[in-house]
$ cat start-v2.cif   # mmCIF, C-alpha atoms
data_upload
loop_
_atom_site.label_atom_id
_atom_site.label_comp_id
_atom_site.auth_asym_id
_atom_site.auth_seq_id
_atom_site.Cartn_x
_atom_site.Cartn_y
_atom_site.Cartn_z
CA MET A 190 123.41 -34.96 62.29
CA LYS A 191 123.52 -33.23 65.66
CA THR A 192 126.28 -30.82 66.58
CA THR A 193 127.04 -29.74 70.15
CA VAL A 194 128.22 -26.16 70.74
CA THR A 195 128.98 -24.11 73.83
CA ALA A 196 128.52 -20.34 74.12
CA ILE A 197 129.87 -18.18 76.93
CA ASP A 198 128.15 -14.86 77.63
CA PHE A 199 129.92 -12.33 79.85
CA GLY A 200 127.36 -10.01 81.41
CA THR A 201 128.11 -7.22 83.87
CA SER A 202 126.98 -9.31 86.84
CA LYS A 203 126.90 -12.92 85.65
CA ILE A 204 128.61 -15.39 83.34
CA VAL A 205 126.28 -17.70 81.43
CA ALA A 206 127.52 -20.89 79.77
CA LEU A 207 125.04 -22.56 77.40
CA VAL A 208 125.50 -25.99 75.83
CA ALA A 209 123.19 -26.67 72.88
CA GLU A 210 122.56 -29.52 70.50
CA THR A 211 121.66 -28.31 67.03
CA SER A 212 120.64 -29.75 63.70
CA GLY A 213 121.42 -26.77 61.49
CA ARG A 214 118.94 -23.91 61.77
CA GLN A 215 115.92 -26.17 62.15
CA ARG A 216 116.21 -27.12 65.78
CA CYS A 217 118.20 -26.15 68.86
CA ASP A 218 117.96 -27.75 72.29
CA ILE A 219 119.69 -26.21 75.30
CA VAL A 220 120.99 -29.25 77.17
CA GLY A 221 123.15 -27.49 79.73
CA ALA A 222 123.25 -24.07 81.39
CA GLY A 223 125.57 -22.67 84.02
CA THR A 224 125.11 -19.23 85.58
CA VAL A 225 127.60 -17.69 88.01
CA ILE A 226 127.42 -14.28 89.66
CA TYR A 227 130.71 -12.36 89.47
CA ASP A 228 132.00 -8.78 89.70
CA GLY A 229 131.75 -8.09 85.98
CA TYR A 230 133.38 -5.18 84.17
CA MET A 231 133.03 -1.47 83.55
CA GLU A 232 134.47 0.77 80.86
CA GLY A 233 136.42 -2.03 79.19
CA ARG A 234 138.14 -3.56 82.23
CA TRP A 235 137.40 -6.46 84.60
CA ASN A 236 136.40 -5.36 88.10
CA ALA A 237 138.00 -8.40 89.79
CA PRO A 238 140.40 -10.02 87.30
CA ASP A 239 141.93 -12.31 89.94
CA GLN A 240 138.56 -14.02 90.50
CA LEU A 241 137.50 -14.30 86.86
CA ASN A 242 139.05 -17.69 86.03
CA ASP A 243 137.33 -19.34 88.98
CA ALA A 244 133.97 -17.87 87.90
CA ILE A 245 134.45 -19.14 84.32
CA LYS A 246 135.39 -22.57 85.62
CA GLU A 247 132.31 -22.69 87.85
CA ALA A 248 129.97 -21.71 85.02
CA LEU A 249 131.46 -24.36 82.74
CA LYS A 250 131.20 -27.01 85.44
CA ALA A 251 127.50 -26.25 86.04
CA ALA A 252 126.78 -26.46 82.30
CA GLU A 253 128.76 -29.73 82.04
CA ASP A 254 126.81 -31.30 84.88
CA GLN A 255 123.51 -30.57 83.14
CA ALA A 256 124.74 -31.60 79.71
CA HIS A 257 126.42 -34.75 81.04
CA GLY A 258 129.56 -34.09 79.04
CA HIS A 259 132.97 -32.42 79.17
CA ILE A 260 133.35 -29.01 77.50
CA LYS A 261 136.55 -28.90 75.48
CA GLU A 262 135.87 -25.92 73.22
CA VAL A 263 133.72 -22.79 73.39
CA TYR A 264 132.62 -19.74 71.46
CA VAL A 265 132.89 -16.51 73.42
CA GLY A 266 130.55 -13.54 73.18
CA VAL A 267 132.21 -10.13 73.08
CA PRO A 268 130.10 -7.71 75.16
CA GLY A 269 129.26 -4.22 74.00
CA ASP A 270 131.59 -2.77 76.63
CA PHE A 271 134.52 -4.36 74.77
CA SER A 272 133.23 -3.43 71.31
CA THR A 273 132.92 -0.48 68.98
CA VAL A 274 130.71 -0.15 65.90
CA ARG A 275 131.69 1.75 62.78
CA THR A 276 129.71 2.17 59.58
CA VAL A 277 130.95 2.98 56.09
CA GLU A 278 128.94 4.07 53.04
CA VAL A 279 130.48 3.04 49.73
CA LYS A 280 129.46 2.67 46.10
CA VAL A 281 130.57 0.82 42.97
CA ASP A 282 129.68 1.24 39.30
CA LEU A 283 127.88 -1.67 37.67
CA GLN A 284 129.44 -2.95 34.47
CA GLY A 285 128.20 -4.48 31.20
CA ALA A 286 125.76 -3.76 28.40
CA ASP A 287 122.84 -4.72 30.66
CA PRO A 288 124.32 -3.99 34.09
CA ARG A 289 122.93 -5.96 37.01
CA VAL A 290 124.20 -6.54 40.55
CA THR A 291 126.44 -9.62 40.71
CA GLU A 292 128.36 -11.46 43.40
CA ARG A 293 131.50 -9.73 42.19
CA ASP A 294 129.89 -6.29 42.66
CA LEU A 295 128.95 -7.15 46.25
CA ALA A 296 132.42 -8.47 47.00
CA THR A 297 133.93 -5.30 45.54
CA LEU A 298 131.60 -3.16 47.64
CA PHE A 299 132.70 -4.95 50.82
CA ASP A 300 136.37 -4.63 49.83
CA LYS A 301 135.93 -0.90 49.35
CA ALA A 302 134.21 -0.67 52.74
CA VAL A 303 137.22 -2.29 54.41
CA GLU A 304 139.52 0.19 52.63
CA GLU A 305 137.37 3.13 53.73
CA LEU A 306 137.37 1.81 57.29
CA GLY A 307 141.11 2.33 57.43
CA GLU A 308 143.23 1.57 60.48
CA ILE A 309 141.38 0.12 63.45
CA ARG A 310 142.22 -0.62 67.07
CA GLY A 311 141.15 -4.20 67.66
CA SER A 312 139.82 -6.95 65.41
CA ILE A 313 136.74 -7.06 63.19
CA ILE A 314 134.46 -9.83 64.48
CA HIS A 315 131.33 -9.02 62.48
CA ARG A 316 130.43 -7.18 59.29
CA SER A 317 126.98 -6.84 57.80
CA PRO A 318 124.86 -4.56 55.60
CA ALA A 319 122.41 -2.01 56.92
CA TRP A 320 121.10 -1.46 53.37
CA PHE A 321 121.84 -1.46 49.66
CA ILE A 322 120.49 0.92 47.01
CA VAL A 323 120.66 0.47 43.24
CA ASP A 324 120.68 3.86 41.49
CA GLU A 325 118.01 5.97 43.22
CA GLY A 326 115.80 3.06 44.19
CA LYS A 327 114.59 1.93 47.60
CA LYS A 328 116.75 0.44 50.30
CA THR A 329 116.99 -3.33 50.19
CA LEU A 330 118.99 -6.21 51.60
CA GLU A 331 118.55 -8.30 48.46
CA PRO A 332 120.11 -6.38 45.55
CA MET A 333 121.36 -9.42 43.63
CA GLY A 334 120.26 -9.31 39.99
CA MET A 335 118.80 -5.81 40.18
CA ARG A 336 119.37 -3.71 37.05
CA GLY A 337 121.08 -0.33 37.30
CA TYR A 338 124.30 1.63 36.96
CA GLU A 339 125.41 2.14 40.56
CA LEU A 340 125.28 0.06 43.75
CA ARG A 341 125.55 1.82 47.09
CA GLY A 342 125.57 0.33 50.55
CA MET A 343 126.09 0.99 54.24
CA ILE A 344 128.31 -1.65 55.83
CA SER A 345 128.61 -2.03 59.59
CA PHE A 346 131.73 -3.37 61.31
CA VAL A 347 131.85 -4.58 64.91
CA ILE A 348 135.38 -4.24 66.27
CA ALA A 349 136.39 -6.15 69.38
CA ASP A 350 138.87 -4.73 71.86
CA GLN A 351 142.22 -6.49 71.47
CA PHE A 352 142.70 -6.64 75.23
CA PHE A 353 139.51 -8.67 75.62
CA LEU A 354 140.37 -11.08 72.80
CA GLU A 355 143.87 -11.78 74.04
CA ASP A 356 142.94 -11.88 77.72
CA ILE A 357 140.03 -14.27 77.22
CA GLN A 358 142.08 -16.58 75.00
CA GLU A 359 144.73 -16.88 77.69
CA ARG A 360 142.18 -17.48 80.46
CA PHE A 361 140.49 -20.34 78.63
CA ARG A 362 143.85 -21.77 77.60
CA SER A 363 144.83 -21.94 81.26
CA LEU A 364 141.61 -23.87 81.93
CA GLY A 365 142.36 -26.35 79.14
CA VAL A 366 139.49 -25.13 76.96
CA ALA A 367 139.90 -24.03 73.34
CA VAL A 368 138.25 -20.83 72.08
CA ASN A 369 136.92 -21.61 68.62
CA GLY A 370 135.84 -18.06 67.92
CA CYS A 371 134.55 -14.77 69.29
CA LEU A 372 131.15 -13.38 68.26
CA SER A 373 129.38 -10.09 68.86
CA THR A 374 126.84 -10.49 71.65
CA PRO A 375 124.98 -7.24 70.78
CA VAL A 376 124.61 -8.34 67.13
CA GLY A 377 123.24 -11.74 68.16
CA GLN A 378 120.79 -10.14 70.55
CA ALA A 379 119.56 -7.58 68.01
CA MET A 380 119.18 -10.07 65.17
CA LEU A 381 117.28 -12.59 67.32
CA PHE A 382 114.83 -10.28 69.05
CA VAL A 383 114.16 -7.41 66.63
CA PRO A 384 111.94 -8.69 63.77
CA ASP A 385 113.24 -8.36 60.20
CA GLU A 386 110.47 -6.04 59.06
CA GLU A 387 111.14 -3.63 61.93
CA ARG A 388 114.87 -3.57 61.27
CA ASP A 389 114.10 -2.54 57.69
CA ARG A 390 112.98 0.87 58.93
CA ALA A 391 115.39 1.13 61.89
CA ALA A 392 114.80 0.14 65.50
CA VAL A 393 116.37 0.55 68.93
CA LEU A 394 117.30 -2.15 71.43
CA VAL A 395 118.09 -0.99 74.97
CA ASP A 396 119.78 -3.48 77.29
CA ILE A 397 119.94 -2.12 80.85
CA GLY A 398 122.27 -4.49 82.64
CA TYR A 399 123.64 -4.46 86.16
CA LEU A 400 126.59 -2.11 85.67
CA THR A 401 126.23 -0.85 82.10
CA THR A 402 123.51 -0.03 79.61
CA GLU A 403 123.85 -0.73 75.89
CA VAL A 404 121.87 1.33 73.40
CA MET A 405 121.84 -0.35 69.99
CA MET A 406 120.58 1.35 66.84
CA VAL A 407 119.58 -1.48 64.50
CA GLN A 408 118.98 -1.29 60.76
CA GLY A 409 118.82 -4.08 58.21
CA ASP A 410 121.17 -6.86 59.27
CA ALA A 411 123.39 -4.54 61.25
CA ILE A 412 123.92 -2.52 64.37
CA VAL A 413 124.70 0.94 63.02
CA ASN A 414 125.44 2.60 66.36
CA LEU A 415 126.35 1.23 69.79
CA THR A 416 126.54 3.38 72.91
CA ASN A 417 127.71 2.03 76.26
CA ILE A 418 126.43 3.94 79.29
CA PRO A 419 128.27 3.21 82.58
CA MET A 420 125.09 2.88 84.64
CA GLY A 421 122.64 0.07 85.28
CA GLY A 422 120.51 -1.75 87.81
CA GLY A 423 123.44 -2.14 90.18
CA HIS A 424 123.64 1.62 90.58
CA ILE A 425 119.97 1.68 91.53
CA ALA A 426 120.63 -0.98 94.17
CA ALA A 427 123.70 0.89 95.43
CA ASP A 428 121.65 4.07 95.83
CA LEU A 429 119.05 2.13 97.83
CA ALA A 430 121.72 0.60 100.04
CA TYR A 431 123.13 4.05 100.80
CA GLY A 432 119.84 5.93 101.05
CA LEU A 433 118.04 3.37 103.22
CA GLU A 434 121.17 2.34 105.14
CA VAL A 435 120.74 -1.36 104.35
CA PRO A 436 123.06 -4.08 102.98
CA LEU A 437 123.30 -4.39 99.22
CA SER A 438 121.47 -7.73 99.33
CA THR A 439 118.46 -6.09 100.99
CA ALA A 440 118.63 -3.20 98.52
CA GLU A 441 118.66 -5.63 95.59
CA ASN A 442 115.55 -7.39 96.88
CA ILE A 443 113.73 -4.08 97.29
CA LYS A 444 114.83 -2.97 93.83
CA ARG A 445 113.47 -6.13 92.22
CA ALA A 446 110.15 -5.88 94.08
CA TYR A 447 109.56 -2.23 93.26
CA VAL A 448 106.77 -1.48 90.77
CA TYR A 449 107.04 1.74 88.77
CA GLY A 450 103.79 3.70 88.68
CA LEU A 451 102.04 5.73 91.36
CA SER A 452 99.02 3.48 91.86
CA ALA A 453 100.77 0.14 91.51
CA GLY A 454 102.78 -2.22 93.65
CA GLN A 455 103.20 -2.86 97.32
CA SER A 456 103.03 -0.06 99.85
CA THR A 457 105.76 -1.37 102.18
CA PHE A 458 109.09 -3.17 101.79
CA GLU A 459 110.78 -5.27 104.44
CA GLY A 460 114.42 -6.13 104.97
CA THR A 461 117.30 -6.04 107.42
CA ASP A 462 119.52 -3.08 108.19
CA GLN A 463 123.30 -3.10 108.56
CA ALA A 464 123.00 -4.41 112.11
CA GLY A 465 120.74 -7.28 111.05
CA ASN A 466 117.58 -5.77 112.51
CA ASN A 467 114.28 -6.12 110.66
CA LYS A 468 113.07 -2.86 109.13
CA THR A 469 110.05 -1.76 107.12
CA PHE A 470 110.15 1.01 104.52
CA ASN A 471 107.13 2.66 102.98
CA ARG A 472 106.80 3.23 99.27
CA GLU A 473 107.53 6.95 99.53
CA GLN A 474 110.90 6.27 101.19
CA VAL A 475 111.88 3.83 98.45
CA GLU A 476 110.54 5.96 95.61
CA LYS A 477 112.59 8.99 96.67
CA VAL A 478 115.77 6.94 96.30
CA ILE A 479 115.03 4.60 93.41
CA GLU A 480 113.35 6.81 90.84
CA PRO A 481 115.96 9.59 90.48
CA ARG A 482 118.60 7.06 89.40
CA ALA A 483 116.14 5.27 87.12
CA GLU A 484 115.29 8.63 85.55
CA GLU A 485 118.99 9.38 85.07
CA ILE A 486 119.48 6.09 83.21
CA CYS A 487 116.41 6.69 81.04
CA GLU A 488 117.55 10.21 80.19
CA ALA A 489 121.00 8.90 79.27
CA VAL A 490 119.34 6.39 76.93
CA ARG A 491 117.31 9.16 75.31
CA ASP A 492 120.40 11.34 74.91
CA ALA A 493 122.35 8.43 73.39
CA ILE A 494 119.69 7.95 70.73
CA ILE A 495 119.72 11.65 69.89
CA ALA A 496 123.54 11.76 69.79
CA SER A 497 123.67 8.74 67.46
CA GLY A 498 122.17 10.84 64.68
CA ALA A 499 119.92 7.94 63.70
CA LYS A 500 116.70 8.96 62.02
CA LEU A 501 113.87 7.12 63.70
CA GLY A 502 110.47 7.22 62.09
CA LYS A 503 107.24 7.65 63.98
CA TRP A 504 106.73 3.89 64.00
CA SER A 505 110.33 2.88 64.65
CA PRO A 506 110.13 0.51 67.64
CA VAL A 507 112.16 0.62 70.84
CA TYR A 508 112.71 -2.63 72.75
CA LEU A 509 113.82 -2.96 76.37
CA THR A 510 115.72 -5.90 77.84
CA GLY A 511 118.27 -6.72 80.54
CA GLY A 512 117.89 -7.26 84.27
CA GLY A 513 118.23 -3.61 85.28
CA LEU A 514 114.72 -2.34 84.53
CA ALA A 515 112.89 -4.74 82.20
CA ILE A 516 112.24 -7.26 84.98
CA ASN A 517 110.35 -4.66 87.04
CA ARG A 518 106.64 -4.22 86.55
CA GLY A 519 106.11 -0.78 85.09
CA GLY A 520 109.78 -0.44 84.11
CA ARG A 521 109.07 -0.45 80.39
CA GLU A 522 106.36 2.19 80.79
CA PHE A 523 108.70 4.28 82.95
CA LEU A 524 111.30 4.35 80.15
CA ALA A 525 108.60 5.05 77.56
CA ALA A 526 107.42 8.11 79.49
CA LYS A 527 110.93 9.55 79.64
CA MET A 528 111.53 8.91 75.95
CA GLU A 529 108.04 9.97 74.86
CA ARG A 530 107.95 6.90 72.63
CA THR A 531 106.34 3.46 72.95
CA VAL A 532 108.72 0.87 74.39
CA ARG A 533 108.04 -2.82 73.76
CA GLU A 534 109.04 -5.97 75.58
CA LEU A 535 111.06 -8.55 73.70
CA PRO A 536 109.23 -11.32 71.86
CA ARG A 537 109.51 -14.63 73.67
CA LYS A 538 112.02 -16.85 71.88
CA ALA A 539 112.67 -19.70 74.31
CA VAL A 540 110.96 -21.62 77.08
CA LYS A 541 114.16 -21.92 79.06
CA LEU A 542 115.93 -18.77 80.26
CA SER A 543 113.09 -16.55 79.04
CA SER A 544 113.81 -13.71 81.49
CA PRO A 545 115.12 -10.46 79.94
CA ALA A 546 118.23 -11.01 82.05
CA TYR A 547 119.20 -13.87 79.71
CA SER A 548 118.40 -12.26 76.34
CA SER A 549 122.07 -11.56 75.58
CA ALA A 550 123.02 -15.20 76.17
CA LEU A 551 120.19 -16.44 73.93
CA GLY A 552 121.11 -13.93 71.23
CA LEU A 553 124.73 -15.08 71.35
CA LEU A 554 123.69 -18.72 71.07
CA ASP A 555 121.43 -17.97 68.10
CA LEU A 556 124.24 -16.13 66.30
CA LEU A 557 126.62 -19.00 67.05
CA ILE A 558 124.24 -21.59 65.62
CA ASP A 559 123.61 -19.45 62.54
CA THR A 560 127.35 -18.95 62.05
CA THR A 561 128.32 -22.59 62.48
CA ALA A 562 125.44 -23.81 60.29
CA ASN A 563 126.40 -21.43 57.50
CA ALA A 564 130.09 -22.33 57.77
CA ARG A 565 129.34 -25.62 56.05
CA PRO A 566 129.76 -25.76 52.26
CA VAL A 567 126.86 -23.97 50.58
CA ALA A 568 126.08 -23.12 46.99
CA GLY A 569 124.16 -20.40 45.21
CA VAL A 570 123.30 -16.82 46.03
CA GLY A 571 122.24 -17.52 49.61
CA GLY A 572 125.54 -19.19 50.37
CA PHE A 573 127.42 -16.22 48.95
CA PHE A 574 125.53 -13.75 51.11
CA ARG A 575 126.06 -15.79 54.27
CA SER A 576 129.79 -16.22 53.70
CA LEU A 577 130.18 -12.55 52.86
CA PHE A 578 128.21 -11.06 55.73
CA GLY A 579 129.39 -13.39 58.44
CA GLY A 580 132.72 -11.61 58.81
#
$ encode --input "start-v2.cif" --output "C-alpha cells"
Amino acid sequence: MKTTVTAIDFGTSKIVALVAETSGRQRCDIVGAGTVIYDGYMEGRWNAPDQLNDAIKEALKAAEDQAHGHIKEVYVGVPGDFSTVRTVEVKVDLQGADPRVTERDLATLFDKAVEELGEIRGSIIHRSPAWFIVDEGKKTLEPMGMRGYELRGMISFVIADQFFLEDIQERFRSLGVAVNGCLSTPVGQAMLFVPDEERDRAAVLVDIGYLTTEVMMVQGDAIVNLTNIPMGGGHIAADLAYGLEVPLSTAENIKRAYVYGLSAGQSTFEGTDQAGNNKTFNREQVEKVIEPRAEEICEAVRDAIIASGAKLGKWSPVYLTGGGLAINRGGREFLAAKMERTVRELPRKAVKLSSPAYSSALGLLDLLIDTTANARPVAGVGGFFRSLFGG
C-alpha cells in the first residue's frame, strides 16, 4: 500500500517541498518538488518574516503542480540553526542470576538519560544512541541479549527551539495545512549520507550553506555535537559584490564558476557592473577576494571540530555538502588542505535533486519515511529499538 508524504526543508536561501510516494522502506518515489528562493535565517531568527508565508505557499504550490494533488499535511524539518544537541552518558546494573541486556534495561537506560538531561529550553525532537558498552567490552549499537553486569550508553538528544516550533505551526495553520510533526534535518542528513560502518568510529559532516555552516560530529546512530557557524556561500558572494563593485547576482555567478586550485579553471570572468556595463575580471582579481573568505570558513570548521572535543581517528572520514563550497570544482580539496585531512564528497543517493545543495532535503525525506514506516505496529526486538530511538 502506497503512502504519500510531504517534507518541507528550510535552508538558509531556499525552501524545498518534496512530495513522495512510499511503500515502507523498500521504495520511495519523489513525485513532486517545489523550490523557492527566500531570505532565510541567521542565528535563530528569520531574516524576512513578513515574506515567509508567501514563500512557503509558493513552494507548496510548485510541489502540488508536479504531484497533481493538494497538500493538506506536512512534516517540517528543523534546521541546525534552530537546534541544539546534548549528549548524556548513563549506566544501569543488569539483574538476574545470568544477567543479560533486556528491553527493560534499555528502557531504563533511556529514562535515566532523560533524567540526567534535566531542564531544557525547547522540545526534544530526536533521541538516539551513539554507543552502548556491556561491562568493559567494545562499543556496539546492538547490546540486546549480551551477558554482563553493567550496561553503559551515550544518548544524544536533539532539542528544537520553541520559537521555531510555535512559529512554524502558526504559519502553516494560517495556510490551511496541518503540521504532522517536526524532524531533525541534520540527523536525517547524517544518517542518510554517512555509511553505518563509518559512523561506528565517528565521522564529520560539514554542510556549508548560503548563510550558515553546520558542522556535525556523527557517531553510531546519533549526532553527538552540532556547531552552527554564521558564515556560508552568501558571504563569499557578498565579498565579491563589494570587492569587484558588481551586483550580487553577478557576484553569485562568478562565485559558482570559480574553480579552487592554482592551475585549474577559467582565467577570466565576465559580468555586469552596478551601472549595467559589461566587465571582465581576471582570475587574480577574483582570487584575491574569494579565497580569504573561503579560508575563514574552512578555518572556522576546523576550529569547531577541535572545540567539540570529539576524538577522530586517523581514518575518521569528513564529508562536505551544501551549496556554499561543495558545488565548486576544487572546493572539497580546498577544505581538505585547510583541515589537513581527506574530505570526501557525499555518496549519490538519488537521481533527482542529486546536487549537494539538496542533500538536507533528501536527508529529511529519508528520516520522514523511516519514521512513518516504523510508526506502524511492529513486533520483536527490532520494533522495540525503532520505537525507543525514534524519539
$ resolve_selection --input "start-v2.cif" --expression "the PyMOL selection byres ((chain A and resi 458) around 8)" --output "PyMOL selection string"
chain A and resi 443+455-457+459-460+469-472
$ residues_near_point --input "start-v2.cif" --point "(110.0, 8.8, 71.9)" --cutoff "10 Å" --atoms "all atoms listed in the file" --output "list in words"
Arg491, Ile494, Leu501, Gly502, Lys503, Trp504, Ser505, Pro506, Val507, Leu524, Ala525, Ala526, Lys527, Met528, Glu529, Arg530, Thr531 and Val532 of chain A
$ resolve_selection --input "start-v2.cif" --expression "the PyMOL selection byres ((chain A and resi 325) around 12)" --output "PDB file with C-alpha atoms, keeping the file's coordinate frame"
ATOM      1  CA  PHE A 321     121.840  -1.460  49.660  1.00  0.00           C
ATOM      2  CA  ILE A 322     120.490   0.920  47.010  1.00  0.00           C
ATOM      3  CA  VAL A 323     120.660   0.470  43.240  1.00  0.00           C
ATOM      4  CA  ASP A 324     120.680   3.860  41.490  1.00  0.00           C
ATOM      5  CA  GLY A 326     115.800   3.060  44.190  1.00  0.00           C
ATOM      6  CA  LYS A 327     114.590   1.930  47.600  1.00  0.00           C
ATOM      7  CA  LYS A 328     116.750   0.440  50.300  1.00  0.00           C
ATOM      8  CA  THR A 329     116.990  -3.330  50.190  1.00  0.00           C
ATOM      9  CA  ARG A 336     119.370  -3.710  37.050  1.00  0.00           C
ATOM     10  CA  GLY A 337     121.080  -0.330  37.300  1.00  0.00           C
ATOM     11  CA  TYR A 338     124.300   1.630  36.960  1.00  0.00           C
ATOM     12  CA  GLU A 339     125.410   2.140  40.560  1.00  0.00           C
ATOM     13  CA  LEU A 340     125.280   0.060  43.750  1.00  0.00           C
ATOM     14  CA  ARG A 341     125.550   1.820  47.090  1.00  0.00           C
ATOM     15  CA  GLY A 342     125.570   0.330  50.550  1.00  0.00           C
TER      16      GLY A 342
END
$ closest_atom_pairs --input "start-v2.cif" --of "range 383-469 of chain A" --to "range 478-488 of chain A" --cutoff "8 Å" --atoms "only C-alpha atoms" --output "CSV"
residue,atom,partner,partner_atom,distance
A:Met420,CA,A:Ile486,CA,6.6
A:Gly421,CA,A:Ile486,CA,7.1
A:His424,CA,A:Arg482,CA,7.5
A:Ile425,CA,A:Arg482,CA,5.9
A:Ala426,CA,A:Ile479,CA,7.9
A:Asp428,CA,A:Val478,CA,6.6
A:Leu429,CA,A:Val478,CA,6.0
A:Gly432,CA,A:Val478,CA,6.3
A:Lys444,CA,A:Ile479,CA,7.6
$ resolve_selection --input "start-v2.cif" --expression "the PyMOL selection byres ((chain A and resi 493) around 12)" --output "PyMOL selection string"
chain A and resi 393-395+402-406+414-418+486-492+494-499+528
$ atom_distance --input "start-v2.cif" --atom1 "CA of Gly409 in chain A" --atom2 "CA of Trp320 in chain A"
6.0 Å
$ closest_residue --input "start-v2.cif" --among "A:Val194, A:Ile344, A:Val368, A:Ile558" --to "Leu330 in chain A" --atoms "all atoms listed in the file"
A:Ile344
$ build_atoms --input "start-v2.cif" --residues "range 250-257 of chain A" --atoms "all heavy atoms" --output "compact mmCIF listing (two decimals), in the frame of the given file"
# COMPACT_ATOMS: atom_id res chain seq x y z
N LYS A 250 131.48 -25.78 84.70
CA LYS A 250 131.20 -27.01 85.44
C LYS A 250 129.69 -27.21 85.60
O LYS A 250 129.18 -28.34 85.43
CB LYS A 250 131.85 -26.93 86.83
CG LYS A 250 131.61 -28.16 87.71
CD LYS A 250 132.24 -29.41 87.10
CE LYS A 250 132.30 -30.56 88.10
NZ LYS A 250 130.99 -30.94 88.64
N ALA A 251 128.96 -26.14 85.89
CA ALA A 251 127.50 -26.25 86.04
C ALA A 251 126.85 -26.66 84.73
O ALA A 251 125.92 -27.48 84.71
CB ALA A 251 126.93 -24.92 86.54
N ALA A 252 127.32 -26.09 83.61
CA ALA A 252 126.78 -26.46 82.30
C ALA A 252 127.12 -27.91 81.95
O ALA A 252 126.31 -28.64 81.39
CB ALA A 252 127.31 -25.51 81.23
N GLU A 253 128.35 -28.35 82.29
CA GLU A 253 128.76 -29.73 82.04
C GLU A 253 127.90 -30.72 82.81
O GLU A 253 127.50 -31.77 82.27
CB GLU A 253 130.23 -29.91 82.43
CG GLU A 253 131.22 -29.28 81.47
CD GLU A 253 132.66 -29.44 81.95
OE1 GLU A 253 132.87 -29.55 83.19
OE2 GLU A 253 133.57 -29.45 81.11
N ASP A 254 127.61 -30.40 84.05
CA ASP A 254 126.81 -31.30 84.88
C ASP A 254 125.42 -31.51 84.28
O ASP A 254 124.89 -32.62 84.31
CB ASP A 254 126.69 -30.74 86.31
CG ASP A 254 128.02 -30.81 87.07
OD1 ASP A 254 128.92 -31.54 86.61
OD2 ASP A 254 128.13 -30.14 88.11
N GLN A 255 124.83 -30.44 83.76
CA GLN A 255 123.51 -30.57 83.14
C GLN A 255 123.57 -31.30 81.81
O GLN A 255 122.68 -32.07 81.46
CB GLN A 255 122.88 -29.19 82.94
CG GLN A 255 122.31 -28.59 84.21
CD GLN A 255 121.43 -27.37 83.91
OE1 GLN A 255 120.98 -27.16 82.78
NE2 GLN A 255 121.20 -26.56 84.93
N ALA A 256 124.62 -31.02 81.04
CA ALA A 256 124.74 -31.60 79.71
C ALA A 256 125.30 -33.02 79.73
O ALA A 256 125.29 -33.71 78.72
CB ALA A 256 125.61 -30.72 78.82
N HIS A 257 125.82 -33.42 80.88
CA HIS A 257 126.42 -34.75 81.04
C HIS A 257 127.56 -34.97 80.03
O HIS A 257 127.64 -36.00 79.36
CB HIS A 257 125.37 -35.86 80.88
CG HIS A 257 124.20 -35.72 81.81
ND1 HIS A 257 124.32 -35.90 83.18
CD2 HIS A 257 122.90 -35.40 81.56
CE1 HIS A 257 123.13 -35.70 83.74
NE2 HIS A 257 122.26 -35.40 82.79
